[in-house]
Structure formats: C-alpha cells, structure tokens
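**Q** Data file start_38.cif (mmCIF, C-alpha atoms and all ligand atoms) is appended below.
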data_input
loop_
_atom_site.label_atom_id
_atom_site.label_comp_id
_atom_site.auth_asym_id
_atom_site.auth_seq_id
_atom_site.Cartn_x
_atom_site.Cartn_y
_atom_site.Cartn_z
CA LEU A 1 0.00 0.00 0.00
CA PRO A 2 1.44 3.35 -0.97
CA TYR A 3 -0.15 5.11 1.97
CA PRO A 4 1.19 4.79 5.51
CA ILE A 5 -1.33 2.21 6.62
CA GLY A 6 -0.12 0.61 9.80
CA ALA A 7 2.41 3.40 10.21
CA SER A 8 2.59 5.65 13.18
CA THR A 9 -0.67 6.71 14.70
CA ALA A 10 -1.41 8.69 17.80
CA THR A 11 -0.78 6.72 20.94
CA LEU A 12 -2.60 7.04 24.20
CA SER A 13 0.34 8.93 25.64
CA ASP A 14 0.13 11.40 22.74
CA MET A 15 -3.51 11.92 23.58
CA ASN A 16 -2.76 12.49 27.23
CA GLN A 17 0.03 14.95 26.62
CA GLY A 18 -2.50 17.63 25.88
CA GLN A 19 -3.40 17.79 29.53
CA HIS A 20 0.10 18.72 30.65
CA ASN A 21 1.86 20.74 28.03
CA ASP A 22 5.38 19.57 27.35
CA GLY A 23 6.31 22.07 24.70
CA GLY A 24 9.89 21.75 25.88
CA GLU A 25 12.69 24.26 25.91
CA ARG A 26 11.04 26.33 23.21
CA GLY A 27 8.34 27.25 25.71
CA PHE A 28 5.47 26.21 23.51
CA ASP A 29 2.31 28.09 24.40
CA PRO A 30 -0.75 25.82 24.22
CA THR A 31 -3.06 28.84 24.10
CA LEU A 32 -1.85 29.43 20.52
CA TYR A 33 -4.67 27.02 19.67
CA PRO A 34 -7.87 29.02 20.08
CA SER A 35 -10.96 27.92 21.98
CA ASP A 36 -13.33 28.61 19.10
CA PHE A 37 -13.79 30.49 15.83
CA PHE A 38 -14.91 33.75 17.44
CA ALA A 39 -11.97 33.93 19.88
CA SER A 40 -9.65 33.15 16.99
CA ARG A 41 -11.18 35.83 14.79
CA SER A 42 -10.96 38.50 17.44
CA ARG A 43 -7.31 37.66 18.19
CA PHE A 44 -6.50 37.67 14.46
CA LEU A 45 -8.00 41.11 13.92
CA THR A 46 -6.21 42.58 16.95
CA THR A 47 -2.81 41.09 16.10
CA ALA A 48 -3.01 41.93 12.40
CA GLN A 49 -4.09 45.51 13.02
CA ALA A 50 -1.22 45.93 15.48
CA ARG A 51 1.08 45.03 12.56
CA GLY A 52 -0.51 47.73 10.42
CA ALA A 53 -2.57 45.34 8.32
CA GLU A 54 -5.38 46.48 6.07
CA ILE A 55 -8.43 44.32 6.90
CA PHE A 56 -10.96 43.06 4.35
CA SER A 57 -14.05 41.46 5.89
CA TYR A 58 -16.67 39.45 4.04
CA PRO A 59 -19.75 38.74 6.21
CA LEU A 60 -21.35 35.36 5.63
CA ALA A 61 -25.07 34.77 5.94
CA THR A 62 -26.08 31.71 7.95
CA ASN A 63 -29.26 29.84 8.83
CA THR A 64 -27.74 28.34 11.97
CA PRO A 65 -29.42 29.96 14.97
CA ASP A 66 -27.04 28.88 17.74
CA LEU A 67 -24.02 30.90 16.62
CA SER A 68 -23.19 33.61 19.15
CA GLU A 69 -21.81 36.17 16.69
CA PRO A 70 -21.99 36.88 12.94
CA LEU A 71 -19.65 34.94 10.68
CA SER A 72 -17.06 36.63 8.53
CA ILE A 73 -14.12 35.79 6.28
CA ASP A 74 -11.36 38.18 7.26
CA ILE A 75 -8.27 38.88 5.21
CA ALA A 76 -5.35 40.90 6.55
CA PHE A 77 -2.97 42.49 4.07
CA ILE A 78 0.45 43.73 5.16
CA GLY A 79 2.83 45.55 2.83
CA ARG A 80 2.50 47.41 -0.43
CA ARG A 81 -0.50 46.68 -2.62
CA ASP A 82 1.59 47.33 -5.73
CA ALA A 83 4.41 44.97 -4.70
CA PRO A 84 5.22 42.44 -7.44
CA HIS A 85 5.49 39.53 -4.99
CA LYS A 86 2.44 38.46 -3.03
CA ILE A 87 2.19 35.73 -0.46
CA LEU A 88 -1.27 34.51 0.42
CA HIS A 89 -1.53 32.35 3.52
CA ILE A 90 -4.87 30.57 3.91
CA ALA A 91 -6.28 28.77 6.94
CA GLY A 92 -9.55 26.98 7.62
CA THR A 93 -10.55 25.96 4.09
CA HIS A 94 -11.81 22.86 5.86
CA GLY A 95 -13.48 24.55 8.85
CA VAL A 96 -12.33 22.39 11.72
CA GLU A 97 -8.77 22.52 10.35
CA GLY A 98 -8.87 26.24 11.13
CA PHE A 99 -7.64 25.61 14.67
CA ILE A 100 -4.20 24.52 13.54
CA GLY A 101 -4.32 27.29 10.93
CA SER A 102 -5.12 29.89 13.56
CA ALA A 103 -2.27 28.74 15.80
CA ILE A 104 0.24 28.88 12.94
CA GLN A 105 -0.97 32.25 11.66
CA HIS A 106 -0.88 33.77 15.12
CA ALA A 107 2.70 32.56 15.62
CA ILE A 108 3.64 34.08 12.24
CA ILE A 109 1.82 37.39 12.51
CA SER A 110 2.80 38.16 16.10
CA THR A 111 6.50 38.00 15.15
CA LEU A 112 6.23 39.18 11.56
CA ARG A 113 9.11 41.21 10.13
CA PRO A 114 7.62 44.00 7.99
CA PRO A 115 7.82 43.03 4.33
CA ASP A 116 10.19 44.77 1.94
CA ASP A 117 8.76 47.11 -0.67
CA ASP A 118 8.60 44.36 -3.25
CA CYS A 119 6.42 42.03 -1.18
CA GLY A 120 2.85 42.06 0.12
CA ILE A 121 1.59 39.41 2.51
CA ALA A 122 -2.05 38.46 2.99
CA PHE A 123 -3.54 36.14 5.58
CA VAL A 124 -6.98 34.59 5.17
CA HIS A 125 -7.95 33.94 8.77
CA CYS A 126 -10.51 31.25 8.05
CA LEU A 127 -11.98 30.60 4.63
CA ASN A 128 -14.76 28.45 6.10
CA PRO A 129 -15.96 30.21 9.27
CA TRP A 130 -19.15 28.17 9.64
CA GLY A 131 -17.16 24.93 9.54
CA MET A 132 -14.73 26.14 12.18
CA ALA A 133 -17.50 27.51 14.39
CA MET A 134 -19.47 24.27 14.11
CA LEU A 135 -16.46 21.90 14.17
CA ARG A 136 -17.25 20.57 10.72
CA ARG A 137 -15.00 20.13 7.72
CA THR A 138 -17.59 21.43 5.24
CA ASN A 139 -19.48 24.68 5.01
CA GLU A 140 -23.13 25.09 5.96
CA ASN A 141 -24.25 23.50 2.69
CA ASN A 142 -22.18 20.39 3.44
CA VAL A 143 -19.81 21.41 0.66
CA ASP A 144 -16.10 20.63 0.74
CA LEU A 145 -14.67 23.98 -0.41
CA ASN A 146 -11.57 22.22 -1.71
CA ARG A 147 -13.78 20.38 -4.23
CA ASN A 148 -15.95 23.38 -5.10
CA CYS A 149 -13.73 25.40 -7.45
CA LEU A 150 -15.27 24.38 -10.76
CA PHE A 151 -16.30 27.21 -13.03
CA ASP A 152 -18.29 25.39 -15.66
CA LYS A 153 -21.61 24.14 -14.33
CA SER A 154 -21.41 21.03 -16.51
CA GLU A 155 -18.40 19.85 -14.50
CA ARG A 156 -20.49 19.56 -11.34
CA SER A 157 -21.79 16.07 -11.86
CA GLY A 158 -20.82 12.50 -11.28
CA ALA A 159 -18.39 10.87 -8.93
CA PRO A 160 -14.96 9.27 -9.21
CA LEU A 161 -14.52 5.85 -10.76
CA GLY A 162 -15.34 3.19 -8.18
CA TYR A 163 -17.53 5.47 -6.06
CA GLU A 164 -20.35 2.90 -6.09
CA HIS A 165 -17.98 0.42 -4.40
CA VAL A 166 -17.06 2.75 -1.53
CA ARG A 167 -20.49 4.29 -1.13
CA PRO A 168 -21.75 1.62 1.33
CA LEU A 169 -18.73 2.39 3.52
CA ILE A 170 -18.86 6.19 3.49
CA ALA A 171 -22.60 6.82 3.09
CA ALA A 172 -23.60 4.41 5.87
CA GLU A 173 -27.08 4.85 7.26
CA ILE A 174 -26.26 3.38 10.63
CA SER A 175 -23.44 4.15 13.01
CA SER A 176 -20.59 1.67 13.32
CA SER A 177 -17.80 1.16 15.85
CA PHE A 178 -14.22 1.74 14.74
CA PRO A 179 -13.39 -2.00 14.67
CA ALA A 180 -16.49 -2.73 12.57
CA PHE A 181 -15.67 0.17 10.25
CA THR A 182 -12.06 -1.00 9.91
CA PHE A 183 -13.22 -4.49 9.00
CA ARG A 184 -15.44 -3.14 6.22
CA ALA A 185 -12.74 -0.71 5.06
CA LEU A 186 -10.17 -3.51 4.83
CA ARG A 187 -12.61 -5.65 2.91
CA THR A 188 -13.09 -2.78 0.44
CA VAL A 189 -9.30 -2.42 0.13
CA VAL A 190 -8.90 -6.13 -0.59
CA GLN A 191 -11.67 -6.09 -3.20
CA HIS A 192 -10.80 -2.88 -5.02
CA GLY A 193 -7.26 -1.86 -4.05
CA PHE A 194 -6.21 0.94 -1.78
CA SER A 195 -5.46 3.63 -4.33
CA THR A 196 -8.76 3.04 -6.16
CA MET A 197 -10.60 3.22 -2.88
CA ARG A 198 -8.80 6.39 -1.79
CA GLN A 199 -9.41 8.06 -5.14
CA ALA A 200 -13.08 7.01 -5.14
CA ILE A 201 -13.64 8.43 -1.67
CA THR A 202 -11.63 11.62 -1.74
CA GLY A 203 -11.63 12.66 -5.41
CA GLY A 204 -14.79 14.73 -4.92
CA GLN A 205 -18.37 13.73 -5.72
CA TYR A 206 -21.27 15.75 -7.10
CA ILE A 207 -24.16 13.34 -6.58
CA ASP A 208 -24.68 12.96 -2.80
CA PRO A 209 -25.34 16.38 -1.22
CA GLN A 210 -25.42 14.77 2.21
CA GLY A 211 -22.30 12.70 1.61
CA VAL A 212 -18.65 13.30 2.43
CA TYR A 213 -16.35 15.04 -0.08
CA PHE A 214 -19.38 16.63 -1.75
CA GLY A 215 -18.21 19.37 -4.13
CA GLY A 216 -21.48 21.31 -4.34
CA PHE A 217 -23.88 22.09 -7.16
CA ASP A 218 -22.96 25.80 -7.13
CA LEU A 219 -19.96 27.98 -6.44
CA GLN A 220 -20.12 28.59 -2.68
CA PRO A 221 -20.24 32.05 -1.05
CA GLU A 222 -16.87 31.51 0.64
CA ILE A 223 -15.22 30.94 -2.74
CA VAL A 224 -17.07 33.90 -4.27
CA ALA A 225 -15.80 36.11 -1.41
CA LEU A 226 -12.20 35.01 -1.86
CA GLN A 227 -12.50 35.45 -5.60
CA SER A 228 -13.71 39.00 -5.23
CA TRP A 229 -10.79 39.78 -2.90
CA ILE A 230 -8.37 38.29 -5.46
CA GLN A 231 -9.90 40.42 -8.21
CA GLN A 232 -9.66 43.51 -6.04
CA SER A 233 -6.19 42.96 -4.59
CA LEU A 234 -4.10 40.85 -6.94
CA SER A 235 -3.17 41.04 -10.59
CA ALA A 236 -2.04 38.60 -13.25
CA GLN A 237 1.36 40.37 -13.21
CA ASP A 238 1.96 39.32 -9.60
CA LEU A 239 4.32 36.55 -8.65
CA LEU A 240 1.94 34.83 -6.30
CA THR A 241 2.80 32.27 -3.64
CA VAL A 242 -0.17 30.58 -1.97
CA ILE A 243 0.13 28.40 1.13
CA ASP A 244 -3.11 26.63 2.03
CA LEU A 245 -2.96 24.95 5.46
CA HIS A 246 -4.59 21.55 5.98
CA SER A 247 -4.48 18.63 8.38
CA GLY A 248 -5.61 15.01 8.43
CA LEU A 249 -3.46 13.41 5.72
CA GLY A 250 -0.19 11.64 6.49
CA LYS A 251 1.59 10.27 9.53
CA PHE A 252 1.32 11.81 12.96
CA CYS A 253 3.85 14.63 13.46
CA THR A 254 4.89 14.75 9.81
CA ASP A 255 4.04 17.34 7.19
CA SER A 256 4.30 17.60 3.45
CA LEU A 257 3.73 19.97 0.56
CA LEU A 258 1.10 18.91 -1.96
CA ILE A 259 0.78 20.61 -5.30
CA ASP A 260 -1.88 20.47 -8.01
CA ASP A 261 0.51 20.53 -10.92
CA CYS A 262 2.18 17.48 -12.41
CA SER A 263 5.85 16.53 -12.08
CA GLY A 264 8.08 18.57 -14.33
CA SER A 265 5.62 21.46 -14.67
CA GLN A 266 6.94 24.98 -14.20
CA ALA A 267 5.15 25.29 -10.86
CA HIS A 268 6.57 21.97 -9.66
CA LEU A 269 10.13 22.99 -10.59
CA SER A 270 9.71 26.29 -8.82
CA ILE A 271 8.42 24.61 -5.64
CA LEU A 272 11.28 22.09 -5.77
CA GLN A 273 13.81 24.92 -5.92
CA ARG A 274 12.18 26.85 -3.14
CA PHE A 275 11.65 23.90 -0.76
CA PRO A 276 14.48 21.51 -1.68
CA ASP A 277 14.48 19.68 1.66
CA GLU A 278 10.73 19.13 1.94
CA PRO A 279 8.63 16.17 0.86
CA ILE A 280 6.71 17.44 -2.17
CA TYR A 281 3.92 15.41 -3.69
CA THR A 282 2.42 15.89 -7.13
CA PRO A 283 -0.86 14.25 -8.16
CA ASP A 284 0.98 11.84 -10.45
CA ALA A 285 3.75 10.65 -8.13
CA SER A 286 3.47 6.88 -7.74
CA GLU A 287 4.43 6.98 -4.07
CA SER A 288 2.20 9.93 -3.45
CA VAL A 289 0.15 10.47 -0.31
CA THR A 290 -2.07 12.61 -2.47
CA TYR A 291 -4.66 11.88 -5.12
CA THR A 292 -6.37 13.59 -8.02
CA THR A 293 -9.20 15.83 -6.99
CA ARG A 294 -11.73 17.95 -8.80
CA GLY A 295 -12.47 21.54 -7.89
CA SER A 296 -9.47 22.17 -5.64
CA LEU A 297 -8.81 25.68 -4.36
CA GLY A 298 -5.70 26.04 -6.53
CA LEU A 299 -7.97 26.23 -9.58
CA LEU A 300 -9.54 29.42 -8.23
CA PHE A 301 -6.26 31.30 -8.60
CA HIS A 302 -5.57 30.10 -12.12
CA HIS A 303 -9.16 30.82 -13.13
CA THR A 304 -9.21 34.31 -11.60
CA LEU A 305 -5.68 35.35 -12.62
CA PRO A 306 -5.16 33.69 -16.01
CA GLY A 307 -1.53 33.69 -17.07
CA ALA A 308 -0.21 34.64 -13.62
CA CYS A 309 2.85 32.94 -12.11
CA ILE A 310 1.42 31.02 -9.16
CA ASP A 311 3.26 28.78 -6.73
CA TYR A 312 0.39 27.07 -4.94
CA VAL A 313 1.06 24.55 -2.18
CA VAL A 314 -1.10 22.76 0.32
CA HIS A 315 0.87 22.48 3.55
CA GLU A 316 -0.57 19.29 4.96
CA PHE A 317 -0.09 17.97 8.50
CA GLY A 318 -0.57 14.30 9.28
CA THR A 319 -2.76 13.35 12.22
CA LEU A 320 -4.24 9.92 12.84
CA HIS A 321 -4.37 6.70 10.85
CA PRO A 322 -6.37 7.22 7.62
CA PHE A 323 -9.07 4.79 8.76
CA ARG A 324 -9.45 6.76 12.00
CA VAL A 325 -9.81 10.00 10.07
CA LEU A 326 -12.28 8.49 7.61
CA HIS A 327 -14.31 6.86 10.37
CA ALA A 328 -14.51 10.17 12.23
CA LEU A 329 -15.64 11.92 9.02
CA VAL A 330 -18.27 9.33 8.14
CA GLU A 331 -19.68 9.12 11.67
CA GLU A 332 -19.77 12.87 12.14
CA ASN A 333 -21.51 13.30 8.81
CA LEU A 334 -24.09 10.64 9.64
CA HIS A 335 -24.82 12.16 13.04
CA PHE A 336 -24.98 15.67 11.66
CA PHE A 337 -27.81 14.70 9.33
CA THR A 338 -29.59 12.58 11.92
CA GLY A 339 -29.37 15.18 14.64
CA SER A 340 -27.03 13.79 17.34
CA ARG A 341 -23.76 15.51 16.82
CA SER A 342 -21.84 16.45 19.99
CA ARG A 343 -19.76 13.35 20.67
CA ASN A 344 -18.93 12.87 17.03
CA ASN A 345 -17.76 16.42 16.59
CA ALA A 346 -15.29 15.86 19.42
CA ARG A 347 -13.99 12.83 17.53
CA LEU A 348 -13.79 14.80 14.29
CA PHE A 349 -11.90 17.57 16.09
CA GLU A 350 -9.44 14.99 17.42
CA ALA A 351 -8.91 13.63 13.90
CA PHE A 352 -7.93 17.05 12.53
CA CYS A 353 -6.46 18.76 15.60
CA PRO A 354 -5.24 16.06 18.01
CA ASP A 355 -5.04 17.00 21.66
CA SER A 356 -1.31 16.32 21.81
CA ALA A 357 1.17 18.97 22.91
CA ARG A 358 3.88 17.29 20.80
CA TRP A 359 1.72 17.41 17.68
CA ARG A 360 0.54 20.95 18.30
CA GLU A 361 4.03 22.28 18.94
CA TYR A 362 5.33 20.46 15.86
CA CYS A 363 2.68 21.96 13.59
CA VAL A 364 3.27 25.52 14.71
CA ARG A 365 7.04 25.19 14.35
CA ARG A 366 6.76 23.68 10.85
CA GLY A 367 4.04 26.08 9.77
CA VAL A 368 6.27 29.01 10.70
CA GLU A 369 9.28 27.42 8.98
CA ILE A 370 7.48 26.86 5.68
CA PHE A 371 6.14 30.40 5.71
CA ARG A 372 9.63 31.81 6.38
CA GLN A 373 11.06 29.69 3.62
CA ALA A 374 8.40 30.93 1.22
CA ARG A 375 9.44 34.49 2.06
CA GLN A 376 13.17 33.86 1.84
CA THR A 377 12.92 32.16 -1.53
CA LEU A 378 10.89 34.84 -3.31
CA PRO A 379 14.01 35.85 -5.34
CA VAL A 380 14.34 32.20 -6.40
CA ALA A 381 10.76 32.21 -7.63
CA ARG A 382 11.41 35.32 -9.64
CA LYS A 383 14.65 33.99 -11.15
CA HIS A 384 13.02 30.71 -12.04
CA ARG A 385 10.08 32.32 -13.79
CA VAL A 386 12.22 34.79 -15.72
CA SER A 387 14.61 32.13 -17.01
ZN ZN B 1 -8.10 19.96 4.64
#
Could you render the structure from this file as structure tokens?
**A**
Amino acid sequence: LPYPIGASTATLSDMNQGQHNDGGERGFDPTLYPSDFFASRSRFLTTAQARGAEIFSYPLATNTPDLSEPLSIDIAFIGRRDAPHKILHIAGTHGVEGFIGSAIQHAIISTLRPPDDDCGIAFVHCLNPWGMAMLRRTNENNVDLNRNCLFDKSERSGAPLGYEHVRPLIAAEISSSFPAFTFRALRTVVQHGFSTMRQAITGGQYIDPQGVYFGGFDLQPEIVALQSWIQQSLSAQDLLTVIDLHSGLGKFCTDSLLIDDCSGSQAHLSILQRFPDEPIYTPDASESVTYTTRGSLGLLFHHTLPGACIDYVVHEFGTLHPFRVLHALVEENLHFFTGSRSRNNARLFEAFCPDSARWREYCVRRGVEIFRQARQTLPVARKHRVS
C-alpha cells in the first residue's frame, strides 16, 4: 500500500500529553490554539491591526441559529499593494482545520518582520468560518470547499470511478464502531485496491449532497468572497505564492507539501527549488500520499488570474491513521444529518487537531518554517520564472 497504513498513529500517551503541556525548551504556548472560531477571529483582527494590516471582511449569511456572533471571512494584508510579490496564507478551508491554521498564523503574525517594498503578505484567517464555528470540515451547505472550485456548471456532476464500491462504507445509514468500520474498510481495500478506494472516496463527488467530499452544485459564497478579494487585490502580473494549510493526511507529526501541478511542470520545478528539503507530492507521483481531486482551491487562482505565475502549495499535516480519520468523518456526517452531533464532533476535532502537545508544537514550528522559507525564496521564484 502506498499510503502509511499501519504506520505511526497517535498513541494514548500522545492523547494524554495535551493535559500537561510539554512544549519543551522552546516554551510552547498551548493557548496558541484558540478555543473557538470567534476567539480566533478577534485575536487575528487585533494582532493583524497591530502590525498595520489592512483588513478586508466578508460577512457570511447563515441559517444556523445557535451561533453567538456573525460569521465573517477576514483577510489581513500587510505591505504594499503594488508589490510584485504576493504571499497569500490561507487557513480553515476545511473549517475544523482552522484551529491549527489559527495557531500557525498567530505565531507568524505576532513576530512578523515588515515586508520589503517588493512584497505584500495576505492572511486569510478562516476561509470556512461556519465549519470552524461548528467543528465541521464542510461549510453550511455540506460542501467541501476544496472540491468546489469548478467554473463550468457542466463539470459539477458525477463521482470518481469506483464510487459505487465505496459508497456503502462512506454513506452508511447506521453508526458503526471503529473496529467494525475497519473491517469493512479492509474488505473494500482487498476487493478494489487501496489507491482506487482512496481516489473514489476523496476525489470529490457531485451526486450525494449529504455525503462526504461533496463538491457542491454551485460555487459557494466563501469561494465567491475570496474570488472578489483576489480580483480587487491581486493582478495577473503578480508573482503569487499561496500556502493553504490543511491537516488530516499523512503520519502523525509529519508534514508535506502537496501541489496540483504534475511533475516537471513549471510550478513543480519552482516549488522544488524553493523547498528543496521538503517532501513534495504531485498528483501523479506513484508513491504519493495525495490523489487527483476535482475543484481544488488552486484552480480558483488560475481561473481568476489567467496567465499569472502562481506557486500554490497545500501544507498538509498528518494526524491519525487514515481509517481513523475516515471513520470520524463518516460518523460525524451521519450524526450531523440525523441530529445527534456532539460526541462525534469531538472525535472529528481529534482527527484534525489532536489533543497532543507534541503534535501541536510540531505543527506551529513547521508552519512558521514553511512560511519563512516561502518568504526567503521569493528571489528564487522570480529567477526561475524569468529564465
Ligand atoms: Zn483539509
């Protein structure tokens, strides 16, 4: 199996470390991870404004009555608007993954060196506020925003090859224990192969609006908001670097850079030069942890800024075993639509933001490192694109 099945997963001691922070000599601060979306948003606005950021806020309408405050996508821009280099740092595309994103962004922004005249830096605090507020991965319409960026309506149909084989596993109508789920998942792997199964599940589907990895029948308001900011604030002449933070894929306490473009493409070569020591996965790499998806966020930038030089990477942090993550997703989704959600949202949270001081410290340190490296290698990006 190409994926780290049977590889390291969170142990009980990892789980328990969260109760007594052991951040070590670096003095890791566990409060970097916010208590909820609203606390995170308020901290983001305060910290960014203290750094002289210009704030763009896009209010989001919601039909959920039990939210204490209005929802908003907030973007902080620091530096010159006419700078040729732009870095866009995005958190919370998958709602519940916004907690790790918030921690990383806060660590970056609170120690940010002001950008030079040739660079502007933007932070999207949380692209999916409803998902973060409600501890879900999707938005209020059950749409996975990272499968939603399709701009031709005719593309929004169908499901990946083999979807009918995995559908009984992921669209279950009754709850199952983890051992029972694992048994059925392994049986599916044996019958259809792991990579087929992974592709069928995660590639993005446009037929089950109450299923997981649903890409949506329409462009979602969160994507429309980001698109209008891009149109307002960026240009096709910019050298744009996008870092989109995610968690839930890969081994515990590891991270990787995933790109949309194939091996040997200009974007791939540029990323290789800028992050030579990092594991970089393209959709076509045979040993890849990644897979081909439809409607990923990277497409939004190419669609909105045609011809622009864009280095787009997903910075992905591994959490639990893939079956644990999938089980948490499937169970949470089932309980969301049948009305008994609290316990399952705790499990989903654990799958995307484990309560482990070691994991949390690791993610912040690596998130800051990748951001710094993106900044330091801007001249490399320019040189590469000019040559
Ligand atoms: Zn994600």
**Q** To one decimal place in Å, what is the distance between CA of Arg358 in chain A and CA of Val313 in chain A?
**A**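 Value for the CA of Arg358 in chain A-CA of Val313 in chain A distance: 24.3 Å.
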**Q** Might you pull out every residue within 12 Å of Ala185 in chain A, with all atoms listed in the file counted and same-chain residues fewer than 2 positions away left off, and present them as a ChimeraX atom specification?
**A** /A:5,165-170,176,178-183,187-194,197-198,201,322-324,326-327,330
**Q** Take CA of Glu140 in chain A and CA of His89 in chain A and report the distance between them in Å, one decimal.
**A**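 Value for the CA of Glu140 in chain A-CA of His89 in chain A distance: 22.9 Å.
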**Q** Just give me the gap between CA of Gly101 in chain A and CA of Ala76 in chain A in Å, one decimal is fine.
**A**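 Calculated distance between CA of Gly101 in chain A and CA of Ala76 in chain A is 14.3 Å.
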**Q** Please identify all protein, DNA and RNA residues within 6 Å of ligand ZN 1 (chain B), counting all atoms listed in the file, and report them as a list in words.
**A**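 After applying the 6 Å limit, what remains is His94, His246 and Ser247 of chain A.
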**Q** Rank nothing, just name the residue among A:Val364, A:Pro65, A:Ile271, A:Phe349 nearest to Val314 in chain A, using only C-alpha atoms.
**A**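 The answer is A:Ile271, which sits nearest to Val314 in chain A.
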**Q** For Gly52 in chain A, list every protein, DNA or RNA residue within 9 Å, evaluated using all atoms listed in the file, and leave out those in the same chain fewer than 6 positions away; present the list as a PyMOL selection string.
**A** chain A and resi 77-79
**Q** Which residues are near range 305-309 of chain A? Cut-off 7 Å, all atoms listed in the file, ignore same chain within fewer than 6 positions. Put them as a PDB file with C-alpha atoms, in the frame of the given file.
**A**
ATOM      1  CA  SER A 235      -3.170  41.040 -10.590  1.00  0.00           C
ATOM      2  CA  ALA A 236      -2.040  38.600 -13.250  1.00  0.00           C
ATOM      3  CA  GLN A 237       1.360  40.370 -13.210  1.00  0.00           C
ATOM      4  CA  ASP A 238       1.960  39.320  -9.600  1.00  0.00           C
ATOM      5  CA  LEU A 239       4.320  36.550  -8.650  1.00  0.00           C
ATOM      6  CA  LEU A 240       1.940  34.830  -6.300  1.00  0.00           C
TER       7      LEU A 240
END
**Q** Let me make sure I understand: among A:Thr62, A:Gln220, A:Ser195, A:Gln373, which one has the smallest atom-to-atom distance to Leu150 in chain A if we use only C-alpha atoms?
**A** A:Gln220
**Q** Between A:Ile87, A:Ile108, A:Ala133, A:Leu334, single out the one closest to Glu369 in chain A, counting only C-alpha atoms.
**A**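 Looking only at the distances to Glu369 in chain A, the closest residue turns out to be A:Ile108.
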**Q** Within 12 Å of Leu348 in chain A, counting only C-alpha atoms, which residues qualify if same-chain residues fewer than 5 places away don't, as a VMD selection string?
**A** chain A and resid 94 to 97 131 to 132 134 to 138 247 to 248 319 to 320 324 to 333 335 to 336 341 to 343 353 to 355
**Q** With a distance cut-off of 9 Å and only C-alpha atoms, select the neighbouring residues of Arg51 in chain A, excluding the residue or stretch itself and same-chain residues fewer than 6 positions from it, and output the selection as an MDAnalysis selection string.
**A** chainID A and resid 78 109:110 112 114
**Q** Given the choices A:Arg184, A:Arg294, A:Lys251, A:His268, which gets closest to Thr282 in chain A if the distance is worked out from only C-alpha atoms?
**A**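 Among the listed residues, A:His268 lies closest to Thr282 in chain A.
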**Q** Considering all atoms listed in the file, can you say which of A:Arg274, A:Arg365, A:His302, A:Arg80 comes closest to Gln231 in chain A?
**A**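 Nearest to Gln231 in chain A: A:His302.
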**Q** Which residue out of A:Thr293, A:Ser57, A:Ser42, A:Gln199 has the minimum interatomic distance to Trp229 in chain A when only C-alpha atoms are used?
**A**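 Result for the nearest residue to Trp229 in chain A: A:Ser57.
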**Q** Once N, CA, C and O atoms are restored for range 26-39 of chain A, what would the output be as an mmCIF file, keeping the file's coordinate frame?
**A**
data_model
loop_
_atom_site.group_PDB
_atom_site.id
_atom_site.type_symbol
_atom_site.label_atom_id
_atom_site.label_comp_id
_atom_site.auth_asym_id
_atom_site.auth_seq_id
_atom_site.Cartn_x
_atom_site.Cartn_y
_atom_site.Cartn_z
ATOM 1 N N ARG A 26 11.483 25.210 24.033
ATOM 2 C CA ARG A 26 11.040 26.330 23.210
ATOM 3 C C ARG A 26 9.913 27.098 23.895
ATOM 4 O O ARG A 26 9.512 28.151 23.420
ATOM 5 N N GLY A 27 9.393 26.567 24.974
ATOM 6 C CA GLY A 27 8.340 27.250 25.710
ATOM 7 C C GLY A 27 7.069 27.340 24.899
ATOM 8 O O GLY A 27 6.478 28.407 24.762
ATOM 9 N N PHE A 28 6.677 26.221 24.332
ATOM 10 C CA PHE A 28 5.470 26.210 23.510
ATOM 11 C C PHE A 28 4.250 26.661 24.319
ATOM 12 O O PHE A 28 4.036 26.212 25.437
ATOM 13 N N ASP A 29 3.479 27.533 23.721
ATOM 14 C CA ASP A 29 2.310 28.090 24.400
ATOM 15 C C ASP A 29 1.050 27.401 23.885
ATOM 16 O O ASP A 29 0.643 27.630 22.750
ATOM 17 N N PRO A 30 0.417 26.554 24.711
ATOM 18 C CA PRO A 30 -0.750 25.820 24.220
ATOM 19 C C PRO A 30 -1.930 26.729 23.868
ATOM 20 O O PRO A 30 -2.796 26.338 23.087
ATOM 21 N N THR A 31 -1.939 27.956 24.412
ATOM 22 C CA THR A 31 -3.060 28.840 24.100
ATOM 23 C C THR A 31 -2.966 29.405 22.683
ATOM 24 O O THR A 31 -3.850 30.135 22.241
ATOM 25 N N LEU A 32 -1.888 29.067 21.942
ATOM 26 C CA LEU A 32 -1.850 29.430 20.520
ATOM 27 C C LEU A 32 -3.047 28.831 19.799
ATOM 28 O O LEU A 32 -3.553 29.391 18.835
ATOM 29 N N TYR A 33 -3.492 27.669 20.271
ATOM 30 C CA TYR A 33 -4.670 27.020 19.670
ATOM 31 C C TYR A 33 -5.917 27.629 20.314
ATOM 32 O O TYR A 33 -6.103 27.539 21.525
ATOM 33 N N PRO A 34 -6.751 28.260 19.512
ATOM 34 C CA PRO A 34 -7.870 29.020 20.080
ATOM 35 C C PRO A 34 -8.977 28.113 20.608
ATOM 36 O O PRO A 34 -9.039 26.926 20.282
ATOM 37 N N SER A 35 -9.845 28.701 21.425
ATOM 38 C CA SER A 35 -10.960 27.920 21.980
ATOM 39 C C SER A 35 -12.081 27.752 20.967
ATOM 40 O O SER A 35 -12.764 26.734 20.954
ATOM 41 N N ASP A 36 -12.286 28.731 20.121
ATOM 42 C CA ASP A 36 -13.330 28.610 19.100
ATOM 43 C C ASP A 36 -13.080 29.629 17.984
ATOM 44 O O ASP A 36 -12.133 30.419 18.043
ATOM 45 N N PHE A 37 -13.950 29.598 16.982
ATOM 46 C CA PHE A 37 -13.790 30.490 15.830
ATOM 47 C C PHE A 37 -13.796 31.958 16.250
ATOM 48 O O PHE A 37 -12.976 32.754 15.782
ATOM 49 N N PHE A 38 -14.729 32.323 17.131
ATOM 50 C CA PHE A 38 -14.910 33.750 17.440
ATOM 51 C C PHE A 38 -13.707 34.299 18.216
ATOM 52 O O PHE A 38 -13.249 35.422 17.969
ATOM 53 N N ALA A 39 -13.172 33.500 19.158
ATOM 54 C CA ALA A 39 -11.970 33.930 19.880
ATOM 55 C C ALA A 39 -10.793 34.056 18.916
ATOM 56 O O ALA A 39 -9.989 34.991 18.999
#
